[in-house]
Amino acid sequence: MPDFAKSMINRYPNSLLQPGATAPEFHFRVDTNNPLNTDERSLAHLRSETEVVVLIFFKAECPTCKLAFPFLERIYRRIKNQGNFGAFLAIAQNSPTDAREFFARFGATFPRTTEDEPFEISNLYGVTNVPSILLVDRDGTIRTSIVGFSREALDKLSREITEALGENHEGSLFDEADRSVPTMQPG
């Protein structure tokens, strides 16, 4: 490994976990409009319910998250409309109120949780930029990791999810109406 690469790894030891790594276990509460919700879940619980879990780390004020969320919702609805369920979990680095407002503004309907500083779940996964998206299989292995927005990466994610669930892939998430959407945008 070149010295420069080693220095970057040492400088940024918490880079986003890559495919092939084991997804760290964590516990969370699904954020609902009910402040009395005390239903705690875990990544292991989600993995036991489906073939794949999509983890989406975001901040409500992030411009790239605002760009990505409508397309993440498209993936979620495609899977849901086929009668199968790949577990999605958005993890907001915001207050529950800010996360709810963000979801309402961008029409997101998949489950979410929130975390406060010091962002323990994000740190477990090495999240340094948002959005960060990870596809985790039933065995807990990370299959895909994406930072930022990329049409190509989201199309690939959609294809990987539908294949893992044994469903037919419907083609690109992007259509003629999306021609003004950039090809990519860093997180």
# chains A, B, ... in the order shown; residues from 1 in each chain; ligands from 1
>>> select_by_dssp(residues="stretch 19-127 of chain A", states="strand (DSSP E or B)", output="list in words")
Thr22, His27, Phe28, Arg29, Glu40, Arg41, Ser42, Val52, Val53, Val54, Leu55, Ile56, Phe57, Phe58, Ala87, Phe88, Leu89, Ala90, Ile91, Ala92, Arg112, Thr113 and Thr114 of chain A
>>> write_last_selection(atoms="C-alpha atoms", output="compact mmCIF listing (two decimals), in the first residue's frame")
# COMPACT_ATOMS: atom_id res chain seq x y z
CA THR A 22 -19.48 -7.15 8.96
CA HIS A 27 -30.33 -1.10 18.88
CA PHE A 28 -32.80 1.66 18.05
CA ARG A 29 -36.34 2.90 18.51
CA GLU A 40 -36.69 -1.10 20.85
CA ARG A 41 -35.40 -3.04 17.85
CA SER A 42 -32.04 -4.18 16.58
CA VAL A 52 -31.46 -7.41 2.90
CA VAL A 53 -31.50 -4.26 5.02
CA VAL A 54 -30.84 -0.79 3.63
CA LEU A 55 -29.35 1.64 6.16
CA ILE A 56 -29.53 5.31 5.20
CA PHE A 57 -27.59 7.83 7.31
CA PHE A 58 -28.71 11.44 6.75
CA ALA A 87 -36.09 -3.55 5.39
CA PHE A 88 -35.17 0.11 5.12
CA LEU A 89 -34.01 2.20 8.09
CA ALA A 90 -33.11 5.85 7.86
CA ILE A 91 -30.88 7.04 10.68
CA ALA A 92 -31.15 10.80 11.19
CA ARG A 112 -36.55 5.97 10.67
CA THR A 113 -34.72 6.50 13.90
CA THR A 114 -32.72 9.41 15.22
>>> residues_around(residues="A:Ile121", least_positions_apart="5", cutoff="9 Å", atoms="only C-alpha atoms", output="MDAnalysis selection string")
chainID A and resid 24:27 91 115 126:127
>>> write_last_selection(atoms="C-alpha atoms", output="PDB file, in the first residue's frame")
ATOM      1  CA  PRO A  24     -21.956  -3.758  13.565  1.00  0.00           C
ATOM      2  CA  GLU A  25     -24.994  -4.602  15.685  1.00  0.00           C
ATOM      3  CA  PHE A  26     -27.001  -1.733  17.156  1.00  0.00           C
ATOM      4  CA  HIS A  27     -30.328  -1.101  18.880  1.00  0.00           C
ATOM      5  CA  ILE A  91     -30.877   7.041  10.685  1.00  0.00           C
ATOM      6  CA  GLU A 115     -29.446   9.726  17.057  1.00  0.00           C
ATOM      7  CA  GLY A 126     -17.596   5.097   9.977  1.00  0.00           C
ATOM      8  CA  VAL A 127     -20.028   7.662   8.586  1.00  0.00           C
TER       9      VAL A 127
END
>>> select_by_dssp(residues="chain A", states="alpha helix (DSSP H)", output="PyMOL selection string")
chain A and resi 3-11+43-49+63-81+96-106+120-124+151-164
>>> closest_atom_pairs(of="stretch 66-115 of chain A", to="stretch 164-186 of chain A", cutoff="12 Å", atoms="only C-alpha atoms", output="Markdown table")
| residue | atom | partner | partner_atom | distance |
| --- | --- | --- | --- | --- |
| A:Lys66 | CA | A:Gln185 | CA | 11.1 |
| A:Leu67 | CA | A:Val181 | CA | 8.2 |
| A:Ala68 | CA | A:Gln185 | CA | 9.3 |
| A:Pro70 | CA | A:Leu173 | CA | 10.2 |
| A:Phe71 | CA | A:Leu173 | CA | 6.9 |
| A:Leu72 | CA | A:Leu173 | CA | 9.2 |
| A:Glu73 | CA | A:Leu173 | CA | 10.3 |
| A:Arg74 | CA | A:Leu173 | CA | 7.1 |
| A:Ile75 | CA | A:Leu173 | CA | 7.4 |
| A:Tyr76 | CA | A:Leu173 | CA | 11.1 |
| A:Arg77 | CA | A:Leu173 | CA | 11.1 |
| A:Arg78 | CA | A:Glu170 | CA | 8.1 |
| A:Ile79 | CA | A:Glu167 | CA | 8.2 |
| A:Lys80 | CA | A:Glu167 | CA | 10.9 |
| A:Asn81 | CA | A:Glu167 | CA | 10.9 |
| A:Gln82 | CA | A:Glu167 | CA | 7.5 |
| A:Gly83 | CA | A:Glu167 | CA | 9.4 |
| A:Asn84 | CA | A:Leu165 | CA | 7.2 |
| A:Phe85 | CA | A:Leu165 | CA | 8.0 |
| A:Gly86 | CA | A:Leu165 | CA | 7.3 |
| A:Ala87 | CA | A:Leu165 | CA | 10.8 |
>>> closest_residue(among="A:Ala99, A:Ile133, A:Leu43, A:Leu154", to="A:Gln18", atoms="only C-alpha atoms")
A:Ile133
>>> atom_distance(atom1="atom CA of A:Asp98", atom2="atom CA of A:Gly140")
29.6 Å
>>> atom_distance(atom1="atom CA of A:Arg100", atom2="atom CA of A:Glu117")
18.2 Å
>>> atom_distance(atom1="atom CA of A:Arg47", atom2="atom CA of A:Glu160")
15.9 Å
>>> residues_around(residues="A:Tyr125", least_positions_apart="2", cutoff="8 Å", atoms="only C-alpha atoms", output="number ranges by chain")
A: 14-17, 23-24, 121-123, 127
>>> write_last_selection(atoms="N, CA and C atoms", output="PDB file, in the first residue's frame")
ATOM      1  N   ASN A  14     -12.109   6.208  10.670  1.00  0.00           N
ATOM      2  CA  ASN A  14     -13.528   5.874  10.702  1.00  0.00           C
ATOM      3  C   ASN A  14     -14.192   6.067   9.348  1.00  0.00           C
ATOM      4  N   SER A  15     -13.549   5.631   8.265  1.00  0.00           N
ATOM      5  CA  SER A  15     -14.194   5.761   6.972  1.00  0.00           C
ATOM      6  C   SER A  15     -15.320   4.736   6.872  1.00  0.00           C
ATOM      7  N   LEU A  16     -16.287   5.026   6.006  1.00  0.00           N
ATOM      8  CA  LEU A  16     -17.476   4.183   5.857  1.00  0.00           C
ATOM      9  C   LEU A  16     -17.086   2.732   5.602  1.00  0.00           C
ATOM     10  N   LEU A  17     -17.738   1.831   6.315  1.00  0.00           N
ATOM     11  CA  LEU A  17     -17.479   0.404   6.131  1.00  0.00           C
ATOM     12  C   LEU A  17     -17.734   0.019   4.681  1.00  0.00           C
ATOM     13  N   ALA A  23     -21.458  -5.824   9.356  1.00  0.00           N
ATOM     14  CA  ALA A  23     -22.222  -4.686   9.865  1.00  0.00           C
ATOM     15  C   ALA A  23     -22.310  -4.767  11.387  1.00  0.00           C
ATOM     16  N   PRO A  24     -21.860  -3.733  12.104  1.00  0.00           N
ATOM     17  CA  PRO A  24     -21.956  -3.758  13.565  1.00  0.00           C
ATOM     18  C   PRO A  24     -23.414  -3.780  14.037  1.00  0.00           C
ATOM     19  N   ILE A 121     -24.252   5.271  16.424  1.00  0.00           N
ATOM     20  CA  ILE A 121     -24.475   4.338  15.312  1.00  0.00           C
ATOM     21  C   ILE A 121     -23.650   4.774  14.102  1.00  0.00           C
ATOM     22  N   SER A 122     -23.692   6.049  13.788  1.00  0.00           N
ATOM     23  CA  SER A 122     -22.905   6.564  12.663  1.00  0.00           C
ATOM     24  C   SER A 122     -21.424   6.265  12.851  1.00  0.00           C
ATOM     25  N   ASN A 123     -20.940   6.445  14.046  1.00  0.00           N
ATOM     26  CA  ASN A 123     -19.526   6.173  14.312  1.00  0.00           C
ATOM     27  C   ASN A 123     -19.189   4.698  14.165  1.00  0.00           C
ATOM     28  N   VAL A 127     -19.378   6.636   9.400  1.00  0.00           N
ATOM     29  CA  VAL A 127     -20.028   7.662   8.586  1.00  0.00           C
ATOM     30  C   VAL A 127     -19.344   9.010   8.838  1.00  0.00           C
TER      31      VAL A 127
END
>>> closest_residue(among="A:Gly20, A:Thr141, A:Leu135, A:Ala108", to="A:Lys156", atoms="only C-alpha atoms")
A:Leu135
